[in-house]
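The structure file target.txt is reproduced below (compact mmCIF, C-alpha atoms).
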```
# COMPACT_ATOMS: atom_id res chain seq x y z
CA MET V 1 -71.31 -141.49 44.00
CA GLU V 2 -72.86 -138.06 44.33
CA PHE V 3 -75.05 -136.42 41.67
CA ARG V 4 -75.64 -132.85 40.56
CA HIS V 5 -78.09 -131.03 38.28
CA LEU V 6 -76.70 -130.17 34.87
CA GLY V 7 -77.38 -126.49 34.43
CA ARG V 8 -80.78 -125.13 35.33
CA SER V 9 -82.41 -128.38 34.25
CA GLY V 10 -83.84 -131.47 35.84
CA LEU V 11 -81.10 -133.72 34.43
CA MET V 12 -78.87 -135.27 37.09
CA VAL V 13 -75.33 -136.38 36.27
CA SER V 14 -72.73 -138.21 38.31
CA GLU V 15 -70.09 -135.92 39.84
CA ILE V 16 -67.47 -138.08 38.16
CA SER V 17 -68.13 -138.86 34.51
CA TYR V 18 -66.21 -141.28 32.35
CA GLY V 19 -64.64 -139.97 29.12
CA ASN V 20 -62.85 -141.86 26.37
CA TRP V 21 -61.04 -139.11 24.47
CA ILE V 22 -57.56 -140.64 24.13
CA THR V 23 -58.11 -144.18 25.31
CA HIS V 24 -60.86 -146.12 23.58
CA GLY V 25 -60.00 -147.11 20.04
CA SER V 26 -56.46 -145.75 20.22
CA GLN V 27 -54.41 -145.91 23.42
CA VAL V 28 -55.86 -149.11 24.88
CA GLU V 29 -57.26 -152.27 23.36
CA GLU V 30 -60.99 -152.88 23.41
CA GLU V 31 -60.84 -155.50 26.16
CA ALA V 32 -59.14 -153.02 28.49
CA ALA V 33 -61.52 -150.25 27.45
CA VAL V 34 -64.54 -152.40 28.27
CA ALA V 35 -62.99 -153.28 31.63
CA CYS V 36 -62.66 -149.56 32.42
CA VAL V 37 -66.30 -148.92 31.48
CA ARG V 38 -67.36 -151.82 33.72
CA ALA V 39 -65.27 -150.33 36.54
CA ALA V 40 -67.01 -146.99 36.00
CA LEU V 41 -70.43 -148.59 36.18
CA ASP V 42 -69.47 -150.62 39.25
CA SER V 43 -68.26 -147.41 40.92
CA GLY V 44 -71.58 -145.65 40.42
CA ILE V 45 -70.70 -143.55 37.37
CA THR V 46 -73.74 -143.10 35.16
CA THR V 47 -72.48 -140.30 32.90
CA PHE V 48 -70.36 -141.17 29.84
CA ASP V 49 -68.80 -138.60 27.51
CA THR V 50 -67.37 -139.17 24.05
CA ALA V 51 -67.20 -137.47 20.62
CA ASP V 52 -67.52 -138.46 17.00
CA VAL V 53 -63.90 -137.44 16.31
CA TYR V 54 -62.26 -139.50 19.06
CA ALA V 55 -60.03 -142.19 17.57
CA GLY V 56 -61.52 -141.44 14.16
CA THR V 57 -65.06 -142.39 15.30
CA ARG V 58 -63.87 -145.67 16.86
CA ALA V 59 -64.26 -144.41 20.43
CA GLU V 60 -68.02 -144.07 20.03
CA SER V 61 -68.24 -147.62 18.68
CA VAL V 62 -66.21 -149.02 21.58
CA LEU V 63 -68.36 -147.18 24.12
CA GLY V 64 -71.53 -148.36 22.42
CA ARG V 65 -70.43 -151.98 22.62
CA ALA V 66 -69.25 -151.58 26.22
CA LEU V 67 -72.61 -150.17 27.35
CA LYS V 68 -74.72 -152.61 25.37
CA GLY V 69 -77.15 -154.43 27.64
CA GLU V 70 -77.21 -151.68 30.27
CA ARG V 71 -80.53 -150.09 31.17
CA ARG V 72 -80.56 -147.05 28.87
CA GLU V 73 -82.71 -144.97 31.21
CA GLY V 74 -80.07 -145.35 33.92
CA LEU V 75 -77.32 -143.75 31.81
CA GLU V 76 -76.47 -140.27 30.59
CA ILE V 77 -74.62 -140.58 27.28
CA PHE V 78 -72.99 -137.47 25.80
CA THR V 79 -71.28 -136.94 22.47
CA LYS V 80 -70.04 -134.02 20.36
CA VAL V 81 -69.80 -132.66 16.82
CA TYR V 82 -67.41 -130.23 15.06
CA TRP V 83 -63.97 -131.74 14.35
CA PRO V 84 -63.37 -133.59 11.06
CA THR V 85 -64.77 -137.10 10.76
CA GLY V 86 -64.03 -137.55 7.06
CA PRO V 87 -62.03 -136.09 4.16
CA GLY V 88 -64.73 -133.82 2.71
CA ARG V 89 -65.10 -130.10 3.32
CA ASN V 90 -68.52 -130.73 4.85
CA ASP V 91 -67.31 -133.53 7.13
CA ARG V 92 -66.56 -130.93 9.84
CA GLY V 93 -67.92 -127.82 11.48
CA LEU V 94 -71.42 -126.95 12.66
CA SER V 95 -73.33 -126.61 9.41
CA ARG V 96 -76.82 -128.07 9.23
CA LYS V 97 -75.53 -130.72 6.82
CA HIS V 98 -72.75 -131.89 9.12
CA ILE V 99 -74.84 -131.81 12.31
CA MET V 100 -77.72 -133.80 10.79
CA GLU V 101 -75.36 -136.39 9.30
CA SER V 102 -73.16 -136.58 12.39
CA ILE V 103 -75.93 -137.18 14.91
CA ASP V 104 -77.12 -140.17 12.89
CA GLY V 105 -73.58 -141.56 12.68
CA SER V 106 -73.05 -141.11 16.42
CA LEU V 107 -76.33 -142.82 17.30
CA ARG V 108 -75.48 -145.73 15.03
CA ARG V 109 -72.04 -146.20 16.59
CA LEU V 110 -73.33 -145.77 20.14
CA GLN V 111 -76.16 -148.24 19.46
CA THR V 112 -78.83 -145.97 20.89
CA ASP V 113 -81.73 -143.97 19.47
CA HIS V 114 -80.81 -140.80 21.37
CA VAL V 115 -78.06 -139.10 23.34
CA ASP V 116 -78.81 -137.24 26.51
CA LEU V 117 -76.53 -134.33 25.61
CA TYR V 118 -75.32 -133.29 22.15
CA GLN V 119 -72.44 -130.81 22.27
CA ALA V 120 -70.84 -128.37 19.85
CA HIS V 121 -67.20 -129.40 20.23
CA ARG V 122 -65.98 -125.88 19.35
CA TYR V 123 -67.47 -122.67 18.00
CA ASP V 124 -67.70 -122.58 14.19
CA PHE V 125 -66.86 -119.15 12.77
CA SER V 126 -67.64 -120.45 9.26
CA THR V 127 -71.33 -121.11 9.98
CA PRO V 128 -73.98 -118.61 11.07
CA LEU V 129 -74.87 -119.36 14.68
CA GLU V 130 -78.57 -119.26 13.72
CA GLU V 131 -78.02 -122.17 11.31
CA THR V 132 -76.22 -124.20 13.97
CA MET V 133 -78.82 -123.61 16.66
CA GLU V 134 -81.72 -124.32 14.28
CA ALA V 135 -80.10 -127.63 13.36
CA PHE V 136 -79.65 -128.46 17.05
CA ALA V 137 -83.32 -127.60 17.58
CA ASP V 138 -84.31 -130.08 14.88
CA VAL V 139 -82.13 -132.75 16.52
CA VAL V 140 -83.84 -132.15 19.87
CA HIS V 141 -87.35 -131.97 18.44
CA ALA V 142 -86.73 -135.22 16.54
CA GLY V 143 -85.94 -136.92 19.86
CA LYS V 144 -82.32 -137.64 18.92
CA ALA V 145 -80.95 -135.56 21.82
CA HIS V 146 -82.57 -134.42 25.04
CA TYR V 147 -80.31 -131.44 25.76
CA ILE V 148 -77.71 -129.29 24.00
CA GLY V 149 -74.28 -128.26 25.22
CA VAL V 150 -71.10 -126.65 23.94
CA SER V 151 -67.38 -127.05 24.55
CA GLU V 152 -64.73 -124.34 24.96
CA TRP V 153 -67.10 -121.48 24.07
CA THR V 154 -66.46 -117.96 25.32
CA ALA V 155 -68.84 -116.04 27.56
CA SER V 156 -70.15 -113.94 24.67
CA GLN V 157 -70.66 -117.01 22.48
CA LEU V 158 -72.56 -118.70 25.30
CA ARG V 159 -74.83 -115.69 25.77
CA GLU V 160 -75.66 -115.45 22.07
CA ALA V 161 -76.33 -119.17 21.73
CA HIS V 162 -78.40 -119.28 24.90
CA ALA V 163 -80.66 -116.48 23.63
CA LEU V 164 -81.24 -118.36 20.38
CA ALA V 165 -81.86 -121.60 22.28
CA ARG V 166 -84.61 -119.92 24.30
CA GLU V 167 -86.25 -118.65 21.09
CA LEU V 168 -86.06 -122.15 19.60
CA ARG V 169 -87.37 -123.75 22.81
CA ILE V 170 -84.42 -126.08 23.34
CA PRO V 171 -82.39 -126.52 26.55
CA LEU V 172 -78.76 -125.39 26.26
CA ILE V 173 -77.47 -126.41 29.68
CA SER V 174 -73.74 -127.10 29.63
CA ASN V 175 -70.25 -126.11 28.57
CA GLN V 176 -67.30 -128.49 28.48
CA PRO V 177 -64.03 -126.64 29.15
CA GLN V 178 -60.59 -127.65 30.28
CA TYR V 179 -60.31 -126.88 34.01
CA SER V 180 -57.83 -127.78 36.72
CA MET V 181 -55.67 -126.24 39.45
CA LEU V 182 -53.22 -125.32 36.68
CA TRP V 183 -55.73 -124.19 34.02
CA ARG V 184 -58.32 -121.72 35.34
CA VAL V 185 -59.09 -119.62 32.27
CA ILE V 186 -62.87 -120.02 32.67
CA GLU V 187 -63.06 -118.45 36.10
CA THR V 188 -63.02 -114.77 35.06
CA GLU V 189 -65.67 -114.69 32.33
CA VAL V 190 -67.13 -118.08 31.39
CA ILE V 191 -68.26 -119.16 34.85
CA PRO V 192 -69.99 -115.86 35.75
CA ALA V 193 -71.83 -115.92 32.40
CA SER V 194 -72.74 -119.58 32.89
CA GLU V 195 -74.12 -118.93 36.37
CA GLU V 196 -76.22 -116.11 34.94
CA LEU V 197 -77.57 -118.31 32.13
CA GLY V 198 -78.14 -121.51 34.10
CA VAL V 199 -75.33 -123.42 32.38
CA SER V 200 -73.04 -125.91 34.16
CA GLN V 201 -69.48 -126.92 33.41
CA ILE V 202 -68.58 -130.52 32.59
CA VAL V 203 -64.84 -130.20 32.89
CA TRP V 204 -62.15 -132.15 31.09
CA SER V 205 -58.54 -132.72 32.13
CA PRO V 206 -59.07 -132.09 35.87
CA ILE V 207 -55.74 -133.85 36.51
CA ALA V 208 -54.01 -131.68 33.87
CA GLN V 209 -53.29 -134.59 31.53
CA GLY V 210 -51.87 -136.54 34.47
CA VAL V 211 -49.42 -133.86 35.64
CA LEU V 212 -51.35 -133.36 38.89
CA SER V 213 -50.95 -137.07 39.67
CA GLY V 214 -47.38 -136.19 40.68
CA LYS V 215 -45.83 -138.93 38.57
CA TYR V 216 -43.86 -136.46 36.42
CA LEU V 217 -40.77 -135.34 38.34
CA PRO V 218 -38.70 -132.19 37.80
CA GLY V 219 -35.35 -132.78 36.15
CA GLN V 220 -36.28 -136.32 35.09
CA PRO V 221 -37.60 -137.72 31.80
CA PRO V 222 -41.28 -138.73 31.70
CA PRO V 223 -41.99 -142.29 32.88
CA ALA V 224 -41.88 -144.88 30.11
CA GLY V 225 -45.33 -145.56 28.69
CA SER V 226 -46.81 -142.35 30.11
CA ARG V 227 -48.98 -139.97 28.11
CA ALA V 228 -46.06 -137.59 27.67
CA THR V 229 -44.16 -140.22 25.67
CA ASP V 230 -47.05 -141.18 23.38
CA GLU V 231 -47.85 -138.71 20.58
CA LYS V 232 -51.11 -140.53 19.86
CA SER V 233 -52.39 -140.08 23.42
CA GLY V 234 -52.01 -136.36 23.99
CA ALA V 235 -48.28 -135.67 24.30
CA ASN V 236 -48.79 -132.27 22.68
CA PHE V 237 -51.43 -131.30 25.23
CA ILE V 238 -49.35 -132.25 28.25
CA ALA V 239 -46.19 -130.53 26.99
CA ARG V 240 -47.36 -127.11 28.24
CA PHE V 241 -47.16 -128.37 31.83
CA LEU V 242 -43.89 -130.27 31.57
CA ASN V 243 -41.43 -127.72 32.87
CA ASP V 244 -39.50 -127.86 36.10
CA GLU V 245 -41.24 -124.91 37.72
CA VAL V 246 -44.67 -126.50 37.30
CA LEU V 247 -43.49 -129.97 38.26
CA THR V 248 -41.68 -128.70 41.36
CA ARG V 249 -44.80 -126.96 42.59
CA VAL V 250 -46.94 -130.02 41.91
CA GLN V 251 -44.63 -132.07 44.12
CA ARG V 252 -45.33 -129.58 46.92
CA LEU V 253 -49.00 -130.59 46.77
CA LYS V 254 -48.26 -134.12 47.97
CA PRO V 255 -48.26 -133.28 51.72
CA LEU V 256 -51.59 -131.49 51.25
CA ALA V 257 -53.11 -134.54 49.60
CA GLU V 258 -51.85 -136.73 52.43
CA GLN V 259 -53.25 -134.27 54.95
CA ALA V 260 -56.66 -134.60 53.29
CA GLY V 261 -56.40 -138.39 53.13
CA LEU V 262 -56.44 -138.35 49.35
CA THR V 263 -54.20 -139.47 46.52
CA MET V 264 -52.88 -136.76 44.24
CA PRO V 265 -55.39 -137.57 41.44
CA GLN V 266 -58.24 -137.59 43.97
CA LEU V 267 -57.17 -134.17 45.26
CA ALA V 268 -57.10 -132.77 41.71
CA VAL V 269 -60.56 -134.10 40.87
CA ALA V 270 -62.01 -133.05 44.23
CA TRP V 271 -60.57 -129.55 43.71
CA VAL V 272 -62.55 -128.87 40.52
CA LEU V 273 -65.71 -130.21 42.18
CA GLN V 274 -65.46 -127.55 44.87
CA ASN V 275 -66.63 -125.05 42.25
CA PRO V 276 -70.44 -125.06 42.46
CA ASN V 277 -70.75 -124.31 38.74
CA VAL V 278 -69.01 -127.60 37.93
CA ALA V 279 -71.56 -130.39 37.58
CA SER V 280 -69.15 -133.17 36.69
CA ALA V 281 -65.45 -133.88 36.23
CA ILE V 282 -64.51 -136.14 33.33
CA VAL V 283 -61.92 -138.80 34.05
CA GLY V 284 -60.36 -141.21 31.61
CA ALA V 285 -58.49 -144.41 32.30
CA SER V 286 -56.38 -147.07 30.69
CA ARG V 287 -56.76 -149.41 33.70
CA PRO V 288 -59.82 -150.16 35.88
CA GLU V 289 -57.94 -149.35 39.10
CA GLN V 290 -57.54 -145.75 37.90
CA VAL V 291 -61.32 -145.44 37.72
CA HIS V 292 -61.79 -146.91 41.19
CA ASP V 293 -59.21 -144.45 42.55
CA ASN V 294 -60.64 -141.35 40.88
CA VAL V 295 -64.26 -141.92 41.92
CA LYS V 296 -63.25 -141.55 45.56
CA ALA V 297 -63.10 -137.80 44.90
CA ALA V 298 -66.90 -137.69 44.68
CA GLY V 299 -68.52 -136.04 47.66
CA VAL V 300 -65.20 -134.83 49.11
CA LYS V 301 -65.30 -131.40 50.78
CA LEU V 302 -61.99 -129.54 50.95
CA ASP V 303 -61.76 -126.98 53.75
CA ALA V 304 -60.93 -123.33 53.13
CA GLY V 305 -57.47 -123.61 54.65
CA LEU V 306 -56.51 -126.44 52.30
CA LEU V 307 -57.87 -124.59 49.26
CA LYS V 308 -55.86 -121.50 50.24
CA ALA V 309 -52.69 -123.58 50.65
CA ILE V 310 -53.20 -125.11 47.20
CA ASP V 311 -53.64 -121.65 45.66
CA GLU V 312 -50.47 -120.37 47.28
CA ILE V 313 -48.46 -123.23 45.82
CA VAL V 314 -49.79 -123.24 42.25
CA GLU V 315 -50.64 -119.57 41.68
CA PRO V 316 -47.29 -118.64 40.03
CA VAL V 317 -47.77 -121.35 37.39
CA THR V 318 -51.55 -121.19 36.97
CA GLU V 319 -52.94 -120.10 33.58
CA ARG V 320 -55.84 -117.65 34.01
CA ASP V 321 -55.96 -115.74 30.72
CA PRO V 322 -59.61 -115.86 29.49
CA ALA V 323 -58.35 -115.45 25.91
CA LYS V 324 -57.14 -119.07 26.15
CA THR V 325 -60.78 -120.13 25.70
CA GLU V 326 -60.73 -120.27 21.93
CA SER V 327 -61.89 -122.10 18.83
CA PRO V 328 -60.13 -122.35 15.46
CA ALA V 329 -60.56 -119.22 13.33
CA GLN V 330 -61.24 -121.52 10.41
CA ARG V 331 -62.59 -125.06 10.29
CA PRO V 332 -59.78 -127.62 10.60
```
Conversion result in structure tokens:
Amino acid sequence: MEFRHLGRSGLMVSEISYGNWITHGSQVEEEAAVACVRAALDSGITTFDTADVYAGTRAESVLGRALKGERREGLEIFTKVYWPTGPGRNDRGLSRKHIMESIDGSLRRLQTDHVDLYQAHRYDFSTPLEETMEAFADVVHAGKAHYIGVSEWTASQLREAHALARELRIPLISNQPQYSMLWRVIETEVIPASEELGVSQIVWSPIAQGVLSGKYLPGQPPPAGSRATDEKSGANFIARFLNDEVLTRVQRLKPLAEQAGLTMPQLAVAWVLQNPNVASAIVGASRPEQVHDNVKAAGVKLDAGLLKAIDEIVEPVTERDPAKTESPAQRP
């Protein structure tokens, strides 16, 4: 495993991080989830990402039990706040009330007294940014989080939050966006702003919900038991990629992966790690062997000719519109 600094900070994270968005507590049983966490640890992954909303808070509990007994100082545990975790109007968003209640709930479920990174899961247009950042400052100063991050924030939102973070003397060091060969909306605005501010990307869906694995074939129905057939495990997210033009071009990547001595998932994960502003790529798994396969992307260097060939294949179906970085206009 290779490690990188997260933002302009001293915190090191594993290039491959383990996330449990649509697996723990929902898609796979706890025994399988624990086996995947053990595989991640055995493979050298030290960075684990979750959120209070995943599987209705169950994902945090599963991760907490899976990591119990590990040396806490040897792990980087991340979680997030914003999406609804209860029926009330204040059980969501980035108000002081919800942040202060949510961090305590997350710590309880994760069985730890602090998280290494606490992230705003989206931007909250219903709460003054000053209120949100002041609440995050209180969380940091209370020792409940070491660093602050955001997820899917625009360049202007990052700049405004970063200025407030400096005033409040707290380290805002990361953004967590979707990023892959097929989804490059952060490249035009978010990454340049992040480089300027000293913020890294921790990217999710580097394999484009599994589409870049090559298992989805043009003109054929999705494989039985795949994510595309399970509404609870992200079928709506993957649908945007499930058209024959995209799938045909993905199949053309297979010879390039073979040329590089990589599997298709390894090529996809290695590709996002070629961007120096990416500190870590989040991978999920329903089986331990998927973890062992994906971690082999760490430390891989793709040559310029291969990167150019990839671009030529996927460019017609790549999404680059920076307006696709967005948060709900109103709290969900």
TODO: Give the answer as one residue: which of V:Ala285, V:Val269, V:Ala304, V:Val246 has the shortest atom-to-atom distance to Glu319 in chain V, using all atoms listed in the file?
DONE: V:Val246
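Nearest residue to Lys215 in chain V among V:Lys254, V:Arg184, V:Arg96, V:Arg122 is V:Lys254, counting only C-alpha atoms.
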TODO: Kindly extract all protein, DNA and RNA residues lying within 8 Å of the coordinates (-63.8, -127.4, 34.4) given in the file, considering all atoms listed in the file, and supply them as number ranges by chain.
DONE: V: 176-180, 184, 186, 201-206, 272, 278, 281
Task: Option closest in space to Glu160 in chain V, from V:Trp183, V:Tyr123, V:Phe48, V:Tyr147 [counting all atoms listed in the file] - done: V:Tyr123
Distance table requested - range 46-142 of chain V against range 5-23 of chain V, cut-off 7 Å, only C-alpha atoms: one row per qualifying residue with the closest atom pair and its distance in Å to one decimal, ordered by chain and rising residue number, as CSV.
```
residue,atom,partner,partner_atom,distance
V:Thr46,CA,V:Ser14,CA,5.9
V:Thr47,CA,V:Ser17,CA,4.9
V:Phe48,CA,V:Tyr18,CA,4.9
V:Asp49,CA,V:Gly19,CA,4.7
V:Thr50,CA,V:Asn20,CA,5.7
V:Tyr54,CA,V:Trp21,CA,5.6
V:Ala59,CA,V:Asn20,CA,6.6
V:Glu76,CA,V:Val13,CA,7.0
```
TODO: Scan for residues within 10 Å of the point (-83.9, -142.2, 24.3) in the coordinates of the file, using only C-alpha atoms, and reply as a list in words.
DONE: Arg72, Glu73, Glu76, Ile77, Thr112, Asp113, His114, Val115, Asp116, Gly143, Lys144, Ala145 and His146 of chain V
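Using all atoms listed in the file for every distance, the candidate list V:Ser43, V:Ser156, V:Ser126, V:Thr132 yields V:Ser43 as the residue closest to Lys296 in chain V.
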TODO: May I have the residues within 8 Å of Arg92 in chain V as JSON, numbers by chain, using all atoms listed in the file and disregarding those fewer than 6 positions away in the same chain?
DONE: {"V": [81, 82, 83, 84, 85, 86, 98, 331, 332]}
With C-alpha atoms retained, write the just-selected residues as a JSON list (two decimals), in the frame of the given file.
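The file below, result22.json, is the result:
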```
[["chain", "number", "residue", "atom", "x", "y", "z"],
["V", 81, "VAL", "CA", -69.80, -132.66, 16.82],
["V", 82, "TYR", "CA", -67.41, -130.23, 15.06],
["V", 83, "TRP", "CA", -63.97, -131.74, 14.35],
["V", 84, "PRO", "CA", -63.37, -133.59, 11.06],
["V", 85, "THR", "CA", -64.77, -137.10, 10.76],
["V", 86, "GLY", "CA", -64.03, -137.55, 7.06],
["V", 98, "HIS", "CA", -72.75, -131.89, 9.12],
["V", 331, "ARG", "CA", -62.59, -125.06, 10.29],
["V", 332, "PRO", "CA", -59.78, -127.62, 10.60]]
```
TODO: Skip Ile310 in chain V itself and residues of its chain fewer than 3 positions away, then list as a list in words all residues within 8 Å of it, counting all atoms listed in the file.
DONE: Leu253, Leu256, Leu306, Leu307, Ile313 and Val314 of chain V
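CA of Lys324 in chain V to CA of Trp153 in chain V spans 10.5 Å [interatomic distance, one decimal].
Minimum atom-to-atom distances from V:Val283, V:Ala40, V:Val185, V:Leu107 to Pro322 in chain V were compared using all atoms listed in the file, and the lowest value belongs to V:Val185.
Remark: for Cys36 in chain V, the closest of the candidate residues V:Lys80, V:Lys301, V:Lys308, V:Arg287 is V:Arg287 (distances computed over all atoms listed in the file).
Proximity to Val150 in chain V at 6 Å, evaluated using all atoms listed in the file and with sequence-adjacent residues fewer than 4 positions away removed, yields V:Gln119, V:Ala120, V:Asn175.
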Please complete range 126-138 of chain V with N, CA and C atoms and give it back as a tab-separated table (two decimals), in the frame of the given file.
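Ended up saving to result.tsv:
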```
chain	number	residue	atom	x	y	z
V	126	SER	N	-67.30	-120.35	10.68
V	126	SER	CA	-67.64	-120.45	9.26
V	126	SER	C	-69.13	-120.71	9.03
V	127	THR	N	-69.90	-120.84	10.10
V	127	THR	CA	-71.33	-121.11	9.98
V	127	THR	C	-72.11	-120.10	10.81
V	128	PRO	N	-73.16	-119.50	10.26
V	128	PRO	CA	-73.98	-118.61	11.07
V	128	PRO	C	-74.51	-119.35	12.31
V	129	LEU	N	-74.43	-118.71	13.46
V	129	LEU	CA	-74.87	-119.36	14.68
V	129	LEU	C	-76.35	-119.75	14.60
V	130	GLU	N	-77.15	-118.94	13.88
V	130	GLU	CA	-78.57	-119.26	13.72
V	130	GLU	C	-78.75	-120.61	13.03
V	131	GLU	N	-77.92	-120.88	12.02
V	131	GLU	CA	-78.02	-122.17	11.31
V	131	GLU	C	-77.69	-123.32	12.24
V	132	THR	N	-76.63	-123.15	13.03
V	132	THR	CA	-76.22	-124.20	13.97
V	132	THR	C	-77.31	-124.47	14.99
V	133	MET	N	-77.83	-123.42	15.60
V	133	MET	CA	-78.82	-123.61	16.66
V	133	MET	C	-80.14	-124.16	16.10
V	134	GLU	N	-80.51	-123.76	14.89
V	134	GLU	CA	-81.72	-124.32	14.28
V	134	GLU	C	-81.55	-125.81	14.00
V	135	ALA	N	-80.36	-126.21	13.58
V	135	ALA	CA	-80.10	-127.63	13.36
V	135	ALA	C	-80.15	-128.39	14.68
V	136	PHE	N	-79.56	-127.82	15.74
V	136	PHE	CA	-79.65	-128.46	17.05
V	136	PHE	C	-81.11	-128.57	17.50
V	137	ALA	N	-81.91	-127.55	17.21
V	137	ALA	CA	-83.32	-127.60	17.58
V	137	ALA	C	-84.02	-128.75	16.87
V	138	ASP	N	-83.70	-128.96	15.61
V	138	ASP	CA	-84.31	-130.08	14.88
V	138	ASP	C	-83.87	-131.42	15.46
```
